[in-house]
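Asks: My structure is below; once you've seen it, I'll send some questions.
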Amino acid sequence: MLPLFMRSIKFLVGLAFIGVLFLSLVGTIVGLVKEPPQPTAEEEFHHHPKPLKLASDGPFGKFDNAQLQRGFLVFEKVCASCHSLNLASFRDLQQIGYNEAEVKKIAKDWPIKQPVQDPKAGTWGERDNLASDRFPKVFYPGTGTPPDLTLIAKARHNGGAYIYSLLTGYEDKQPAELLKNFPGAKTPEGSHYNPYFANLNIAMPPPLTGDDQVTYSDGTRATKDQMAKDVAAFLVWSSEPTLQKRHAAGFAVVIFLLIATGLAYGAYLTVWRGVKH
Ligand code: HEC
């Protein structure tokens with residue numbers, strides 16, 4: 001008698017669990033049908049990055065040093081007052097075509113100095129940058145926290161195109177439809193409307209405001225669009241300076257594997273020649 005009683009209790013407990021799960025499922029479905037989830041301002045108004053073609057794209061891509069140097073100039077003159085590039089050293093700039101003397105000069109003239117601590121007194125002072133130093137950290141007193149830009153192209157989906165679009169994507173006014181449908185999504189004080197930024201309102205004031213903000217020494221016209229493209233190319237380089245080497249190593253490995261496969265197949269044919277199998 002007892003075993004049967006125990007068995008039915010187990011069965012009833014199981015049934016109760018299934019019942020509760022089923023009820024909650026029905027509740028969720030009814031809720032979804034009665035009150036479908038409302039679209040958010042971000043879902044409706046966020047733009048995906050505009051297409052950007054860079055010389056370094058694709059498996060055969062090579063960095064275009066002239067463009068990278070232009071991009072560095074934009075970084076130096078426009079972005080570096082707020083953003084650091086702390087995972088790169090000044091001497092890394094030799095990889096994009098600056099010579100040793102030029103790098104030393106860039107480091108020495110860099111407006112933000114290297115902090116140094118007096119080992120005896122423990123007090124902090126500063127000195128000029130050396131070619132072997134990392135780009136120094138930047139103190140930014142304004143609204144928001146400018147991220148370090150060394151790896152930003154890797155940290156955002158489709159990084160190069162994203163940076164280019166973000167820099168050229170500011171809009172003076174929010175679309176009227178956005179304010180009508182989402183009154184709560186009004187750009188807060190100290191932020192700027194930019195549909196390429198994930199939450200539409202970014203604390204960074206538009207850094208590129210018009211043409212000729214920098215003067216290129218290679219004769220390229222410094223339009224706003226060109227400066228945005230160049231600095232995006234530079235930040236793609238800073239996020240992976242070894243990209244070309246990685247591609248070359250990949251090709252060497254694939255060619256080696258193809259040859260090895262051919263040899264292995266030849267060996268197989270020789271070893272099994274004349275053997276019935
Ligand atoms: C006046 C200071 C200032 C200048 C100049 C500036 N930025 Fe910014 N930047 C910011 C701040 C502040 C943020 C953080 C924004 C936020 O989180 O809302 C930011 C964020 C960014 C981001 C990250 C966006 C994201 O997806 O999180 C990128 C990329 C960027 N800036 C690129 C640049 C480039 C490139 C330049 C130069 C052309 C530049 N910035 C110049 C202040 C500045």
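FYI, nothing fancy with the structure tokens labels: chains A, B, ... in order, residues from 1 per chain, ligands from 1 as they appear.
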I'd like the neighbourhood of His157 of chain A as a list of chain:residue names, where a residue qualifies if any of its atoms comes within 12 Å (using only C-alpha atoms), though same-chain residues fewer than 3 positions away should be ignored.
Replies: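 Everything that qualifies: A:His48, A:Pro49, A:Leu151, A:Ile152, A:Ala153, A:Lys154, A:Gly160, A:Ala161, A:Tyr162, A:Ile163, A:Tyr196, A:Phe197, A:Ala198, A:Val236.
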Asks: List as a Markdown table every residue of chain A that is in contact with ligand 1, defined as an atom at most 8 Å from one of its atoms (using only C-alpha atoms and all ligand atoms), together with the nearest atom pair and the distance in Å rounded to one decimal, sorted by chain and then rising number.
Replies:
```
| residue | atom | partner | partner_atom_place_in_ligand_line | distance |
| --- | --- | --- | --- | --- |
| A:Val74 | CA | ligand 1 | 38 (C) | 6.2 |
| A:Phe75 | CA | ligand 1 | 37 (C) | 5.5 |
| A:Val78 | CA | ligand 1 | 37 (C) | 5.0 |
| A:Cys79 | CA | ligand 1 | 37 (C) | 3.4 |
| A:Ala80 | CA | ligand 1 | 5 (C) | 6.8 |
| A:Ser81 | CA | ligand 1 | 5 (C) | 5.8 |
| A:Cys82 | CA | ligand 1 | 2 (C) | 4.4 |
| A:His83 | CA | ligand 1 | 7 (N) | 6.2 |
| A:Tyr140 | CA | ligand 1 | 2 (C) | 7.4 |
| A:Gly142 | CA | ligand 1 | 12 (C) | 6.8 |
| A:Thr143 | CA | ligand 1 | 12 (C) | 5.8 |
| A:Gly144 | CA | ligand 1 | 12 (C) | 4.2 |
| A:Thr145 | CA | ligand 1 | 12 (C) | 4.7 |
| A:Pro146 | CA | ligand 1 | 13 (C) | 3.7 |
| A:Pro147 | CA | ligand 1 | 20 (C) | 5.9 |
| A:Leu149 | CA | ligand 1 | 29 (C) | 6.7 |
| A:Ile152 | CA | ligand 1 | 29 (C) | 6.1 |
| A:Ala153 | CA | ligand 1 | 29 (C) | 7.5 |
| A:Arg156 | CA | ligand 1 | 26 (O) | 6.6 |
| A:Tyr162 | CA | ligand 1 | 29 (C) | 7.7 |
| A:Ile163 | CA | ligand 1 | 29 (C) | 5.2 |
| A:Tyr164 | CA | ligand 1 | 35 (C) | 8.0 |
| A:Leu166 | CA | ligand 1 | 29 (C) | 7.2 |
| A:Leu167 | CA | ligand 1 | 35 (C) | 6.8 |
| A:Ser191 | CA | ligand 1 | 18 (O) | 7.2 |
| A:Phe197 | CA | ligand 1 | 26 (O) | 6.0 |
| A:Ala198 | CA | ligand 1 | 26 (O) | 6.9 |
| A:Asn201 | CA | ligand 1 | 18 (O) | 6.8 |
| A:Ile202 | CA | ligand 1 | 18 (O) | 3.8 |
| A:Ala203 | CA | ligand 1 | 18 (O) | 3.7 |
| A:Met204 | CA | ligand 1 | 10 (C) | 3.8 |
| A:Pro205 | CA | ligand 1 | 1 (C) | 5.9 |
| A:Pro206 | CA | ligand 1 | 6 (C) | 7.4 |
| A:Pro207 | CA | ligand 1 | 41 (C) | 4.9 |
| A:Leu208 | CA | ligand 1 | 38 (C) | 6.0 |
| A:Met227 | CA | ligand 1 | 38 (C) | 7.7 |
| A:Ala228 | CA | ligand 1 | 38 (C) | 6.7 |
| A:Val231 | CA | ligand 1 | 35 (C) | 6.0 |
| A:Ala232 | CA | ligand 1 | 35 (C) | 6.7 |
| A:Leu235 | CA | ligand 1 | 35 (C) | 7.7 |
```
Asks: Would you please extract all strand (DSSP E) residues from segment 17-258 of chain A, as assigned by DSSP on the backbone, and give them as a PyMOL selection string?
Replies: chain A and resi 114-117+124-127+192-193+201-202
Asks: Could the residues in this selection be saved with N, CA and C atoms as a PDB file, in the first residue's frame?
Replies:
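File selection_4.pdb, as written:
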```
ATOM      1  N   GLN A 114      55.577  63.192 -19.815  1.00  0.00           N
ATOM      2  CA  GLN A 114      55.578  61.933 -19.053  1.00  0.00           C
ATOM      3  C   GLN A 114      55.676  62.245 -17.563  1.00  0.00           C
ATOM      4  N   PRO A 115      54.804  61.653 -16.769  1.00  0.00           N
ATOM      5  CA  PRO A 115      54.925  61.856 -15.327  1.00  0.00           C
ATOM      6  C   PRO A 115      56.116  61.054 -14.789  1.00  0.00           C
ATOM      7  N   VAL A 116      56.892  61.638 -13.894  1.00  0.00           N
ATOM      8  CA  VAL A 116      57.975  60.889 -13.236  1.00  0.00           C
ATOM      9  C   VAL A 116      57.913  61.151 -11.743  1.00  0.00           C
ATOM     10  N   GLN A 117      58.213  60.108 -10.994  1.00  0.00           N
ATOM     11  CA  GLN A 117      58.179  60.261  -9.542  1.00  0.00           C
ATOM     12  C   GLN A 117      59.606  60.336  -9.024  1.00  0.00           C
ATOM     13  N   TRP A 124      55.717  63.963  -7.507  1.00  0.00           N
ATOM     14  CA  TRP A 124      55.588  63.753  -8.945  1.00  0.00           C
ATOM     15  C   TRP A 124      56.030  64.987  -9.722  1.00  0.00           C
ATOM     16  N   GLY A 125      56.787  64.755 -10.773  1.00  0.00           N
ATOM     17  CA  GLY A 125      57.122  65.835 -11.690  1.00  0.00           C
ATOM     18  C   GLY A 125      56.882  65.340 -13.099  1.00  0.00           C
ATOM     19  N   GLU A 126      57.470  66.006 -14.094  1.00  0.00           N
ATOM     20  CA  GLU A 126      57.304  65.506 -15.455  1.00  0.00           C
ATOM     21  C   GLU A 126      58.543  65.797 -16.286  1.00  0.00           C
ATOM     22  N   ARG A 127      58.662  65.044 -17.385  1.00  0.00           N
ATOM     23  CA  ARG A 127      59.797  65.273 -18.277  1.00  0.00           C
ATOM     24  C   ARG A 127      59.298  65.135 -19.710  1.00  0.00           C
ATOM     25  N   HIS A 192      25.501  65.184 -27.318  1.00  0.00           N
ATOM     26  CA  HIS A 192      25.309  65.598 -28.709  1.00  0.00           C
ATOM     27  C   HIS A 192      24.651  64.459 -29.458  1.00  0.00           C
ATOM     28  N   TYR A 193      23.687  64.796 -30.315  1.00  0.00           N
ATOM     29  CA  TYR A 193      22.953  63.755 -31.022  1.00  0.00           C
ATOM     30  C   TYR A 193      23.807  63.176 -32.141  1.00  0.00           C
ATOM     31  N   ASN A 201      23.139  59.517 -28.050  1.00  0.00           N
ATOM     32  CA  ASN A 201      23.621  60.780 -27.491  1.00  0.00           C
ATOM     33  C   ASN A 201      25.010  60.566 -26.917  1.00  0.00           C
ATOM     34  N   ILE A 202      25.988  61.290 -27.450  1.00  0.00           N
ATOM     35  CA  ILE A 202      27.372  61.055 -27.047  1.00  0.00           C
ATOM     36  C   ILE A 202      27.920  62.291 -26.334  1.00  0.00           C
TER      37      ILE A 202
END
```
Asks: Please indicate the distance in Å from atom CA of Ser217 of chain A to atom CA of Asp57 of chain A, rounded to one decimal place.
Replies: 25.0 Å
Asks: As an exercise, work out the distance from atom CA of Ala101 of chain A to atom CA of Lys113 of chain A in Å and give it to one decimal place.
Replies: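 Between atom CA of Ala101 of chain A and atom CA of Lys113 of chain A the gap is 18.6 Å.
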Asks: Between atom CA of Gly31 of chain A and atom CA of Ile18 of chain A, what is the distance, to one decimal in Å?
Replies: 19.9 Å
Asks: Quick one: DSSP alpha helix (DSSP H) residues in segment 35-245 of chain A, as a PyMOL selection string?
Replies: chain A and resi 41-45+65-74+100-109+152-155+159-168+176-181+224-239+243-245
Asks: Within 12 Å of Gly97 of chain A, counting only C-alpha atoms, which residues qualify if same-chain residues fewer than 5 places away don't, as a list in words?
Replies: Phe63, Asp64, Asn65, Ala66, Gln67, Leu68, Gln69, Arg70, Phe72, Arg91, Asp92, Glu102 and Val103 of chain A
